[in-house]
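J.: The following file, final.cif, comprises mmCIF, C-alpha atoms and all ligand atoms:
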```cif
data_protein
#
loop_
_atom_site.label_atom_id
_atom_site.label_comp_id
_atom_site.auth_asym_id
_atom_site.auth_seq_id
_atom_site.Cartn_x
_atom_site.Cartn_y
_atom_site.Cartn_z
CA MET A 13 136.59 38.75 -102.73
CA LYS A 14 135.04 41.07 -105.28
CA ALA A 15 133.17 39.58 -108.24
CA ILE A 16 130.77 40.63 -110.98
CA GLN A 17 127.54 38.71 -110.63
CA VAL A 18 124.35 38.45 -112.68
CA LYS A 19 121.24 37.62 -110.63
CA GLN A 20 118.69 38.23 -113.39
CA PRO A 21 119.51 38.38 -117.13
CA GLY A 22 119.41 41.84 -118.66
CA GLY A 23 121.41 44.77 -120.00
CA PRO A 24 124.83 45.85 -118.70
CA GLU A 25 123.16 47.07 -115.49
CA ALA A 26 122.36 43.42 -114.67
CA MET A 27 126.03 43.04 -113.68
CA GLU A 28 126.55 43.80 -109.99
CA LEU A 29 129.80 44.19 -108.08
CA VAL A 30 129.39 41.87 -105.08
CA GLU A 31 131.43 40.50 -102.20
CA LEU A 32 131.70 36.69 -102.19
CA PRO A 33 133.79 34.18 -100.23
CA VAL A 34 137.04 33.11 -101.94
CA PRO A 35 136.17 29.76 -103.60
CA GLN A 36 137.57 26.54 -102.17
CA PRO A 37 138.85 24.01 -104.73
CA LYS A 38 136.95 20.79 -105.33
CA ALA A 39 139.15 17.71 -105.69
CA ASN A 40 139.79 18.26 -109.42
CA GLU A 41 140.10 22.06 -109.24
CA ALA A 42 142.68 24.74 -108.65
CA VAL A 43 141.96 28.22 -107.33
CA VAL A 44 143.50 31.01 -109.40
CA LYS A 45 144.13 34.56 -108.16
CA LEU A 46 143.35 36.54 -111.27
CA ALA A 47 145.78 39.06 -112.72
CA ALA A 48 143.49 39.79 -115.68
CA SER A 49 140.19 38.57 -117.04
CA GLY A 50 139.25 38.65 -120.72
CA VAL A 51 136.00 40.27 -121.88
CA ASN A 52 134.33 38.40 -124.74
CA PHE A 53 131.13 38.75 -126.70
CA ILE A 54 129.97 35.42 -125.30
CA ASP A 55 129.77 37.14 -121.88
CA VAL A 56 127.10 39.40 -123.35
CA TYR A 57 125.06 36.37 -124.50
CA PHE A 58 125.19 34.88 -120.96
CA ARG A 59 124.42 38.23 -119.32
CA GLU A 60 121.34 38.80 -121.44
CA GLY A 61 120.18 35.17 -121.16
CA ARG A 62 120.61 34.29 -124.86
CA TYR A 63 122.88 31.50 -123.55
CA LYS A 64 121.63 29.88 -120.34
CA ALA A 65 123.50 29.16 -117.11
CA PRO A 66 122.31 28.66 -113.50
CA LEU A 67 121.82 31.96 -111.63
CA PRO A 68 123.27 33.80 -109.82
CA LEU A 69 126.24 33.67 -112.15
CA VAL A 70 129.75 35.09 -111.92
CA LEU A 71 130.46 36.02 -115.54
CA GLY A 72 133.67 35.58 -117.51
CA GLN A 73 135.18 32.62 -119.34
CA GLU A 74 138.81 33.65 -119.72
CA GLY A 75 141.50 34.55 -117.27
CA ALA A 76 145.14 34.39 -116.22
CA GLY A 77 146.87 34.53 -112.86
CA VAL A 78 148.59 32.50 -110.15
CA VAL A 79 147.45 29.24 -108.53
CA THR A 80 146.81 29.73 -104.80
CA ALA A 81 145.26 26.38 -103.81
CA VAL A 82 144.73 22.95 -105.37
CA GLY A 83 142.28 20.10 -104.76
CA ALA A 84 143.43 16.61 -103.77
CA ASP A 85 143.28 15.25 -107.34
CA ALA A 86 144.57 18.32 -109.16
CA MET A 87 148.03 16.97 -109.82
CA SER A 88 148.88 18.96 -112.96
CA VAL A 89 149.37 22.32 -111.18
CA LYS A 90 150.75 23.59 -107.87
CA PRO A 91 150.48 26.83 -105.88
CA GLY A 92 152.60 29.54 -107.45
CA ASP A 93 152.15 28.36 -111.06
CA ARG A 94 151.26 31.03 -113.63
CA VAL A 95 148.27 29.72 -115.53
CA ALA A 96 145.55 30.74 -117.96
CA TRP A 97 142.26 29.27 -119.18
CA SER A 98 139.21 29.76 -121.30
CA GLY A 99 135.84 28.06 -120.99
CA PRO A 100 135.02 27.55 -117.30
CA MET A 101 132.86 30.39 -116.00
CA GLY A 102 133.74 32.83 -113.21
CA SER A 103 136.72 34.92 -114.31
CA TYR A 104 135.10 38.34 -113.59
CA ALA A 105 136.38 38.04 -110.01
CA GLU A 106 139.48 38.26 -107.84
CA TYR A 107 139.64 34.44 -107.54
CA ALA A 108 138.15 31.57 -109.56
CA ALA A 109 138.01 27.80 -109.04
CA VAL A 110 138.84 26.09 -112.34
CA PRO A 111 139.12 22.39 -113.30
CA ALA A 112 142.88 21.82 -113.27
CA ASP A 113 142.84 19.99 -116.60
CA ARG A 114 141.55 23.18 -118.27
CA LEU A 115 144.54 25.24 -117.05
CA VAL A 116 147.63 25.77 -119.18
CA SER A 117 150.98 27.14 -118.00
CA ILE A 118 151.89 30.59 -119.27
CA PRO A 119 155.32 30.49 -120.93
CA SER A 120 157.95 32.93 -119.63
CA GLY A 121 157.86 35.06 -122.80
CA VAL A 122 154.15 35.81 -122.37
CA THR A 123 152.69 38.27 -119.80
CA ASP A 124 149.59 37.50 -117.72
CA GLU A 125 147.68 40.22 -119.60
CA HIS A 126 148.60 38.76 -122.97
CA ALA A 127 147.65 35.27 -121.79
CA ALA A 128 144.26 36.51 -120.58
CA ALA A 129 143.83 38.33 -123.88
CA VAL A 130 144.50 35.42 -126.17
CA MET A 131 143.18 32.20 -124.64
CA LEU A 132 139.68 32.53 -126.02
CA GLN A 133 139.96 34.77 -129.07
CA GLY A 134 143.43 33.52 -130.09
CA MET A 135 142.55 29.84 -129.89
CA THR A 136 139.33 30.65 -131.76
CA ALA A 137 141.19 32.36 -134.60
CA HIS A 138 143.56 29.37 -134.63
CA TYR A 139 140.94 26.63 -134.91
CA LEU A 140 138.91 28.58 -137.49
CA SER A 141 141.88 29.11 -139.82
CA HIS A 142 143.72 25.83 -139.19
CA ASP A 143 140.97 23.25 -138.62
CA THR A 144 137.38 24.33 -139.39
CA TYR A 145 138.38 25.55 -142.82
CA PRO A 146 142.14 24.95 -143.04
CA LEU A 147 143.19 27.86 -145.19
CA LYS A 148 145.86 27.35 -147.82
CA ARG A 149 148.31 29.76 -149.44
CA GLY A 150 146.66 31.47 -152.39
CA GLU A 151 143.08 30.97 -151.20
CA THR A 152 140.77 33.89 -150.43
CA ALA A 153 138.99 34.37 -147.10
CA LEU A 154 136.41 36.95 -146.13
CA VAL A 155 136.61 37.94 -142.44
CA HIS A 156 133.71 39.93 -141.00
CA ALA A 157 134.21 42.34 -138.05
CA ALA A 158 137.90 42.18 -138.86
CA ALA A 159 139.00 44.80 -136.33
CA GLY A 160 137.31 43.03 -133.41
CA GLY A 161 138.95 40.77 -130.86
CA VAL A 162 138.79 37.56 -132.88
CA GLY A 163 138.88 39.48 -136.15
CA LEU A 164 142.31 41.08 -135.78
CA LEU A 165 143.85 37.74 -134.78
CA LEU A 166 142.11 35.81 -137.56
CA VAL A 167 143.26 38.30 -140.18
CA GLN A 168 146.86 37.95 -138.98
CA MET A 169 146.75 34.15 -139.02
CA ALA A 170 145.14 34.02 -142.47
CA HIS A 171 147.74 36.48 -143.76
CA HIS A 172 150.62 34.39 -142.33
CA ILE A 173 149.22 31.29 -144.03
CA GLY A 174 149.46 33.21 -147.30
CA ALA A 175 145.76 33.62 -148.00
CA ARG A 176 144.28 36.73 -149.57
CA VAL A 177 142.13 38.40 -146.90
CA ILE A 178 139.08 40.51 -147.61
CA ALA A 179 137.97 42.22 -144.40
CA THR A 180 134.74 43.95 -143.44
CA VAL A 181 134.56 46.67 -140.76
CA SER A 182 132.24 49.55 -139.85
CA THR A 183 134.61 52.55 -139.72
CA GLU A 184 137.72 54.01 -141.36
CA GLN A 185 139.66 53.67 -138.11
CA LYS A 186 138.82 49.97 -137.99
CA ALA A 187 139.75 49.66 -141.68
CA LYS A 188 143.24 50.96 -140.88
CA LEU A 189 143.69 48.38 -138.14
CA ALA A 190 142.50 45.55 -140.39
CA ARG A 191 144.99 46.60 -143.07
CA GLU A 192 147.82 46.75 -140.52
CA ALA A 193 146.88 43.21 -139.44
CA GLY A 194 147.35 42.01 -143.01
CA ALA A 195 144.03 42.44 -144.79
CA ASP A 196 144.53 42.83 -148.55
CA GLU A 197 141.15 44.47 -149.13
CA VAL A 198 138.83 46.20 -146.67
CA ILE A 199 135.12 46.83 -147.18
CA LEU A 200 133.18 49.28 -145.01
CA TYR A 201 130.08 47.13 -144.86
CA THR A 202 128.08 49.89 -143.22
CA GLN A 203 128.59 52.09 -146.27
CA SER A 204 128.85 49.75 -149.25
CA ASP A 205 127.31 46.42 -150.17
CA PHE A 206 129.86 43.76 -149.22
CA GLU A 207 128.25 41.23 -151.54
CA ALA A 208 128.73 43.39 -154.63
CA GLU A 209 132.20 44.50 -153.52
CA THR A 210 133.41 40.95 -152.86
CA LYS A 211 132.14 39.79 -156.24
CA ARG A 212 134.01 42.67 -157.83
CA LEU A 213 137.20 41.98 -155.90
CA THR A 214 137.18 38.30 -156.84
CA GLY A 215 136.25 38.86 -160.49
CA GLY A 216 132.94 37.11 -159.88
CA LYS A 217 134.62 33.89 -158.67
CA GLY A 218 133.73 34.26 -155.01
CA VAL A 219 135.80 33.46 -151.94
CA ASP A 220 136.84 30.05 -150.62
CA VAL A 221 135.59 30.72 -147.10
CA VAL A 222 133.56 33.31 -145.16
CA TYR A 223 134.32 33.59 -141.46
CA ASP A 224 131.13 35.17 -140.08
CA SER A 225 130.75 36.21 -136.44
CA VAL A 226 128.18 38.92 -137.16
CA GLY A 227 125.31 36.60 -138.09
CA LYS A 228 121.91 38.14 -138.59
CA THR A 229 122.93 41.04 -140.83
CA THR A 230 125.60 39.24 -142.88
CA PHE A 231 124.85 35.51 -143.16
CA GLU A 232 122.50 35.45 -146.12
CA LYS A 233 124.68 37.61 -148.34
CA GLY A 234 127.66 35.51 -147.28
CA LEU A 235 126.11 32.55 -149.09
CA ASN A 236 126.11 34.60 -152.32
CA ILE A 237 129.84 35.31 -152.34
CA LEU A 238 131.21 31.77 -151.98
CA ARG A 239 132.77 29.84 -154.84
CA PRO A 240 131.04 26.55 -155.64
CA ARG A 241 131.68 24.13 -152.77
CA GLY A 242 132.98 26.98 -150.59
CA MET A 243 132.33 27.11 -146.85
CA ILE A 244 130.60 29.62 -144.60
CA VAL A 245 131.79 29.35 -141.02
CA LEU A 246 129.19 30.97 -138.80
CA PHE A 247 130.88 31.33 -135.42
CA GLY A 248 128.90 34.09 -133.72
CA GLY A 249 125.94 36.43 -133.82
CA SER A 250 127.10 39.90 -132.75
CA SER A 251 124.21 41.47 -134.69
CA GLY A 252 121.72 38.80 -133.60
CA ALA A 253 120.91 35.18 -134.36
CA VAL A 254 120.59 33.97 -137.95
CA PRO A 255 116.95 33.08 -138.68
CA PRO A 256 116.17 29.52 -139.82
CA PHE A 257 116.82 29.00 -143.53
CA ASP A 258 116.04 26.38 -146.15
CA LEU A 259 118.95 23.99 -146.72
CA ILE A 260 118.08 23.75 -150.41
CA ALA A 261 119.75 27.16 -150.75
CA LEU A 262 123.10 25.43 -150.20
CA SER A 263 122.54 23.31 -153.28
CA GLN A 264 121.20 26.14 -155.41
CA LYS A 265 124.07 28.48 -154.56
CA GLY A 266 126.82 25.97 -155.40
CA SER A 267 126.83 22.86 -153.16
CA LEU A 268 128.02 25.01 -150.29
CA TYR A 269 129.15 23.94 -146.82
CA VAL A 270 127.96 25.61 -143.64
CA THR A 271 129.19 24.94 -140.12
CA ARG A 272 128.52 26.50 -136.71
CA PRO A 273 131.60 25.65 -134.65
CA THR A 274 132.48 26.46 -131.06
CA LEU A 275 135.85 26.60 -129.31
CA GLY A 276 134.98 23.94 -126.73
CA HIS A 277 134.81 21.26 -129.41
CA TYR A 278 138.23 22.29 -130.73
CA THR A 279 139.89 22.11 -127.31
CA ALA A 280 137.90 19.17 -125.99
CA THR A 281 140.84 16.96 -125.06
CA ARG A 282 143.77 17.96 -122.89
CA GLU A 283 146.07 17.16 -125.81
CA GLU A 284 144.26 19.49 -128.22
CA LEU A 285 144.07 22.24 -125.60
CA MET A 286 147.84 22.02 -125.02
CA THR A 287 148.69 21.89 -128.74
CA ARG A 288 146.43 24.80 -129.65
CA SER A 289 147.35 27.06 -126.71
CA GLY A 290 151.03 26.21 -127.28
CA ALA A 291 150.75 27.23 -130.94
CA VAL A 292 149.09 30.54 -130.03
CA PHE A 293 151.53 31.36 -127.19
CA GLY A 294 154.37 30.51 -129.56
CA MET A 295 153.08 33.03 -132.09
CA ILE A 296 152.96 35.70 -129.39
CA ALA A 297 156.37 34.94 -127.93
CA THR A 298 157.98 35.14 -131.39
CA GLY A 299 156.13 38.33 -132.33
CA LYS A 300 154.26 36.66 -135.19
CA LEU A 301 150.93 37.48 -133.57
CA LYS A 302 150.48 41.08 -132.42
CA LEU A 303 147.95 41.67 -129.67
CA ARG A 304 145.99 44.86 -129.46
CA ILE A 305 144.75 45.39 -125.93
CA GLU A 306 142.39 48.27 -126.52
CA HIS A 307 141.47 48.92 -122.92
CA SER A 308 141.94 47.51 -119.42
CA TYR A 309 139.03 48.36 -117.13
CA PRO A 310 138.98 47.95 -113.34
CA LEU A 311 136.76 44.98 -112.44
CA ALA A 312 134.17 47.40 -111.02
CA GLU A 313 133.73 48.92 -114.51
CA ALA A 314 132.54 45.71 -116.17
CA GLN A 315 129.27 47.42 -117.15
CA GLN A 316 131.17 50.03 -119.15
CA ALA A 317 133.27 47.34 -120.85
CA HIS A 318 130.08 45.62 -122.03
CA ARG A 319 128.55 48.89 -123.19
CA ASP A 320 131.63 49.66 -125.25
CA LEU A 321 131.81 46.15 -126.72
CA GLU A 322 128.14 46.01 -127.67
CA GLY A 323 128.23 49.59 -128.93
CA ARG A 324 130.81 48.58 -131.61
CA LYS A 325 133.17 51.11 -130.02
CA THR A 326 136.03 48.69 -129.43
CA THR A 327 138.79 47.09 -131.46
CA GLY A 328 140.99 44.22 -130.36
CA LYS A 329 140.83 43.01 -126.76
CA LEU A 330 139.20 44.29 -123.58
CA LEU A 331 140.45 43.18 -120.17
CA LEU A 332 139.12 43.52 -116.63
CA ILE A 333 141.74 43.96 -113.92
CA PRO A 334 140.62 42.80 -110.44
P1 LIG B 401 134.31 41.76 -131.27
O1 LIG B 401 135.46 42.51 -130.69
O2 LIG B 401 134.49 41.20 -132.64
O3 LIG B 401 133.04 42.70 -131.22
C1 LIG B 401 131.94 42.47 -132.04
C2 LIG B 401 132.05 43.22 -133.38
O4 LIG B 401 130.98 42.77 -134.19
C3 LIG B 401 131.86 44.71 -133.25
O5 LIG B 401 133.04 45.41 -132.91
C4 LIG B 401 131.37 45.05 -134.63
O6 LIG B 401 132.46 45.33 -135.53
C5 LIG B 401 130.68 43.78 -135.11
N1 LIG B 401 129.23 43.98 -135.21
C6 LIG B 401 128.50 43.95 -136.34
N2 LIG B 401 127.23 44.21 -136.11
C7 LIG B 401 127.10 44.42 -134.79
C8 LIG B 401 126.00 44.75 -133.95
N3 LIG B 401 124.75 44.91 -134.43
N4 LIG B 401 126.23 44.91 -132.63
C9 LIG B 401 127.45 44.73 -132.12
N5 LIG B 401 128.55 44.41 -132.87
C10 LIG B 401 128.37 44.27 -134.21
O7 LIG B 401 133.92 40.59 -130.26
P2 LIG B 401 134.67 39.21 -129.95
O8 LIG B 401 135.97 39.17 -130.67
O9 LIG B 401 134.63 38.97 -128.49
O10 LIG B 401 133.69 38.15 -130.61
C11 LIG B 401 133.40 38.20 -131.99
C12 LIG B 401 132.33 37.20 -132.32
O11 LIG B 401 132.90 35.90 -132.31
C13 LIG B 401 131.13 37.16 -131.37
O12 LIG B 401 129.97 36.96 -132.13
C14 LIG B 401 131.43 35.95 -130.53
O13 LIG B 401 130.28 35.38 -130.00
C15 LIG B 401 132.10 35.05 -131.53
N6 LIG B 401 132.98 34.05 -130.93
C16 LIG B 401 132.71 32.74 -131.20
C17 LIG B 401 133.51 31.75 -130.74
C18 LIG B 401 133.26 30.35 -131.14
O14 LIG B 401 134.07 29.45 -130.85
N7 LIG B 401 132.17 30.06 -131.81
C19 LIG B 401 134.64 32.04 -129.83
C20 LIG B 401 134.89 33.46 -129.67
C21 LIG B 401 134.06 34.41 -130.18
P3 LIG B 401 132.21 46.43 -136.70
O15 LIG B 401 131.92 47.71 -135.97
O16 LIG B 401 133.47 46.48 -137.48
O17 LIG B 401 131.03 45.93 -137.48
#
```
Let me see the file written as C-alpha cells.
T.:
Amino acid sequence: MKAIQVKQPGGPEAMELVELPVPQPKANEAVVKLAASGVNFIDVYFREGRYKAPLPLVLGQEGAGVVTAVGADAMSVKPGDRVAWSGPMGSYAEYAAVPADRLVSIPSGVTDEHAAAVMLQGMTAHYLSHDTYPLKRGETALVHAAAGGVGLLLVQMAHHIGARVIATVSTEQKAKLAREAGADEVILYTQSDFEAETKRLTGGKGVDVVYDSVGKTTFEKGLNILRPRGMIVLFGGSSGAVPPFDLIALSQKGSLYVTRPTLGHYTATREELMTRSGAVFGMIATGKLKLRIEHSYPLAEAQQAHRDLEGRKTTGKLLLIP
C-alpha cells in the first residue's frame, strides 16, 4: 500500500511517499481501508519533531473508511462497517490498523469525507465550547484563527449556543468566512491590535473566554482582554510555543484561569468518545454544522497540503484522498 512516511523530522520535504505492506490487525485492532484522511496542524508538529513519536512514522491522526479485517478481540466492529477515528497515528495511507475501541460508526446521513473532516477538529470545537469553558447564551468569546479548521467549527458552535463571538483572522477573505459562520465581530489581527479592538468592542469589560490556538503571537495579549475570573484556553501553537510566564500575572490581571487542554483527555473513555462524536455527527446530519472542505489533495501531494496549511493559505478543512 502507499503511505506518507517521515524518517527524519523536518520540513514538508521530510514526508515521503513509500510502499509498505498492508497492516495486519493485532488482537484489539481493526484494519480500515481509508476513503479520506484529515490533515491537521498537529501533523505538522509531529513532522517537524516538536511532538515526538518513534520513527519512521506514518503521519495522520484522523481518517474514515471501511473495515477490511478485525483482530480476535475486536468485537465492536466487523468487515464492511463504515468507521471513522481521530487520535491513533497512521491515517496518511491506504490502510491503517486502529484500536477498535477508538472507531466510531459513521451514521448514514454523513459521508466518509465529512466524517474524516470532522472527527478531530469537530470534536475539538465541541469539547472547547461545551466542556473546557462551557459557553452560555449572552457570554462573549474571542476565537483566534477563526477561519481555520477548528476555528470555523468553533465559531458556529459558539454562535448556536447564543454567545457573542469576536473572531480574529489574517485576511478579508477569511473575515467573510468567519462572519458567515456566525461571528458577530471580526478583527484582522494582522492589521489592527486585537487587544485594543476587543477592549473597544466590549466597552472595556473584556471577554468571558479566549480560545487561543495561535499561541506565541497572541497569548500574552489574550490575558489583557479577559474579564476578571475569565478563562484563556490555550489549545495550540500555530505561530509557535508560548514562552514560560510568571503565574502571578494571572492574579494581577484579574484572578484569571488558564488551561492547556487536548482532545485525547476529552474523549478518553469509550462513552465520552461516543457521546461527543454522536453530538458532532448529529449537528452535521441536521445541517446545524456546515463543513467547509477547502481542498482534497491526492495522498501523494501531502507535502503541498502541509505547505498550504503552514503558509496560512487555507480555510476550513484539508483532506488527503488515498
Ligand atoms: P488551522 O486551519 O486553524 O490553521 C492554522 C491557522 O493559524 C492559520 O490558518 C492561521 O490563520 C493561524 N496562524 C496564526 N499565526 C500563524 C503562523 N505564524 N503560522 C501558521 N498559522 C498561523 O489549523 P487546525 O484547525 O488544524 O488547527 C488549529 C490549531 O488548533 C492548531 O494550533 C492545532 O494544533 C490546534 N488543535 C488543538 C487541539 C487540541 O485538542 N488541543 C485539537 C485540534 C487542533 P490566520 O491566517 O487567520 O491567522
J.: Could you give me the residues within 7 Å of ligand LIG 401 (chain B), counting all atoms listed in the file, as a ChimeraX atom specification?
T.: /A:51-54,132-133,136,157-163,180-183,186,225-226,247-252,273-276,321-329
J.: In Å to one decimal, how far is CA of Ala193 in chain A from CA of Gln168 in chain A?
T.: 5.3 Å
J.: Please identify all polymer residues within 6 Å of Met243 in chain A, counting all atoms listed in the file, omitting same-chain residues fewer than 2 positions from it, and present them as a VMD selection string.
T.: chain A and resid 221 268 to 270
J.: Need to verify the contact set: range 70-75 of chain A, 7 Å, all atoms listed in the file, exclusion of same-chain residues closer than 3 positions in sequence. Can you return it as a list in words?
T.: Ala15, Ile16, Gln17, Val18, Leu46, Ala48, Ser49, Gly50, Val51, Asp55, Ala96, Trp97, Ser98, Gly99, Pro100, Met101, Gly102, Ser103, Tyr104, Ala128, Met131 and Leu132 of chain A
J.: Do you know which residues are at most 8 Å from Thr80 in chain A counting only C-alpha atoms, after dropping those on the same chain fewer than 3 positions away, and could you put them as an MDAnalysis selection string?
T.: chainID A and resid 42:45 90:92
J.: In Å, with one decimal, what is the gap from CA of Ile244 in chain A to CA of Gly227 in chain A?
T.: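 Straight-line distance from CA of Ile244 in chain A to CA of Gly227 in chain A works out to 10.9 Å.
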J.: How would range 71-80 of chain A look with all heavy atoms restored, written as a PDB file, in the coordinates of the input?
T.:
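And here is the file that came out, selection12.pdb:
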```
ATOM      1  N   LEU A  71     130.159  36.057-114.097  1.00  0.00           N
ATOM      2  CA  LEU A  71     130.460  36.020-115.540  1.00  0.00           C
ATOM      3  C   LEU A  71     131.945  35.806-115.800  1.00  0.00           C
ATOM      4  O   LEU A  71     132.770  35.871-114.906  1.00  0.00           O
ATOM      5  CB  LEU A  71     130.052  37.341-116.175  1.00  0.00           C
ATOM      6  CG  LEU A  71     128.599  37.584-116.521  1.00  0.00           C
ATOM      7  CD1 LEU A  71     128.479  38.961-117.174  1.00  0.00           C
ATOM      8  CD2 LEU A  71     128.046  36.520-117.457  1.00  0.00           C
ATOM      9  N   GLY A  72     132.267  35.604-117.073  1.00  0.00           N
ATOM     10  CA  GLY A  72     133.670  35.580-117.510  1.00  0.00           C
ATOM     11  C   GLY A  72     134.169  34.180-117.756  1.00  0.00           C
ATOM     12  O   GLY A  72     134.058  33.309-116.901  1.00  0.00           O
ATOM     13  N   GLN A  73     134.729  33.964-118.959  1.00  0.00           N
ATOM     14  CA  GLN A  73     135.180  32.620-119.340  1.00  0.00           C
ATOM     15  C   GLN A  73     136.641  32.595-119.750  1.00  0.00           C
ATOM     16  O   GLN A  73     137.061  31.701-120.476  1.00  0.00           O
ATOM     17  CB  GLN A  73     134.329  32.110-120.495  1.00  0.00           C
ATOM     18  CG  GLN A  73     132.885  31.890-120.100  1.00  0.00           C
ATOM     19  CD  GLN A  73     132.139  31.133-121.173  1.00  0.00           C
ATOM     20  OE1 GLN A  73     131.316  31.677-121.887  1.00  0.00           O
ATOM     21  NE2 GLN A  73     132.427  29.857-121.312  1.00  0.00           N
ATOM     22  N   GLU A  74     137.408  33.586-119.295  1.00  0.00           N
ATOM     23  CA  GLU A  74     138.810  33.650-119.720  1.00  0.00           C
ATOM     24  C   GLU A  74     139.599  34.411-118.669  1.00  0.00           C
ATOM     25  O   GLU A  74     139.172  35.493-118.244  1.00  0.00           O
ATOM     26  CB  GLU A  74     138.873  34.408-121.049  1.00  0.00           C
ATOM     27  CG  GLU A  74     140.238  34.565-121.639  1.00  0.00           C
ATOM     28  CD  GLU A  74     140.185  35.321-122.967  1.00  0.00           C
ATOM     29  OE1 GLU A  74     139.457  36.348-123.037  1.00  0.00           O
ATOM     30  OE2 GLU A  74     140.842  34.901-123.922  1.00  0.00           O
ATOM     31  N   GLY A  75     140.715  33.850-118.259  1.00  0.00           N
ATOM     32  CA  GLY A  75     141.500  34.550-117.270  1.00  0.00           C
ATOM     33  C   GLY A  75     142.923  34.033-117.189  1.00  0.00           C
ATOM     34  O   GLY A  75     143.263  32.993-117.764  1.00  0.00           O
ATOM     35  N   ALA A  76     143.751  34.801-116.446  1.00  0.00           N
ATOM     36  CA  ALA A  76     145.140  34.390-116.220  1.00  0.00           C
ATOM     37  C   ALA A  76     145.545  34.878-114.838  1.00  0.00           C
ATOM     38  O   ALA A  76     145.068  35.918-114.372  1.00  0.00           O
ATOM     39  CB  ALA A  76     146.052  34.993-117.276  1.00  0.00           C
ATOM     40  N   GLY A  77     146.418  34.128-114.188  1.00  0.00           N
ATOM     41  CA  GLY A  77     146.870  34.530-112.860  1.00  0.00           C
ATOM     42  C   GLY A  77     147.739  33.448-112.238  1.00  0.00           C
ATOM     43  O   GLY A  77     148.382  32.668-112.942  1.00  0.00           O
ATOM     44  N   VAL A  78     147.706  33.395-110.896  1.00  0.00           N
ATOM     45  CA  VAL A  78     148.590  32.500-110.150  1.00  0.00           C
ATOM     46  C   VAL A  78     147.747  31.530-109.332  1.00  0.00           C
ATOM     47  O   VAL A  78     146.774  31.941-108.682  1.00  0.00           O
ATOM     48  CB  VAL A  78     149.500  33.331-109.209  1.00  0.00           C
ATOM     49  CG1 VAL A  78     150.365  32.412-108.349  1.00  0.00           C
ATOM     50  CG2 VAL A  78     150.380  34.254-110.013  1.00  0.00           C
ATOM     51  N   VAL A  79     148.143  30.257-109.328  1.00  0.00           N
ATOM     52  CA  VAL A  79     147.450  29.240-108.530  1.00  0.00           C
ATOM     53  C   VAL A  79     147.733  29.494-107.048  1.00  0.00           C
ATOM     54  O   VAL A  79     148.889  29.679-106.648  1.00  0.00           O
ATOM     55  CB  VAL A  79     147.922  27.821-108.937  1.00  0.00           C
ATOM     56  CG1 VAL A  79     147.336  26.771-108.001  1.00  0.00           C
ATOM     57  CG2 VAL A  79     147.544  27.529-110.384  1.00  0.00           C
ATOM     58  N   THR A  80     146.642  29.530-106.250  1.00  0.00           N
ATOM     59  CA  THR A  80     146.810  29.730-104.800  1.00  0.00           C
ATOM     60  C   THR A  80     146.446  28.494-103.991  1.00  0.00           C
ATOM     61  O   THR A  80     146.839  28.381-102.831  1.00  0.00           O
ATOM     62  CB  THR A  80     145.947  30.912-104.304  1.00  0.00           C
ATOM     63  OG1 THR A  80     144.588  30.656-104.678  1.00  0.00           O
ATOM     64  CG2 THR A  80     146.405  32.231-104.891  1.00  0.00           C
TER      65      THR A  80
END
```
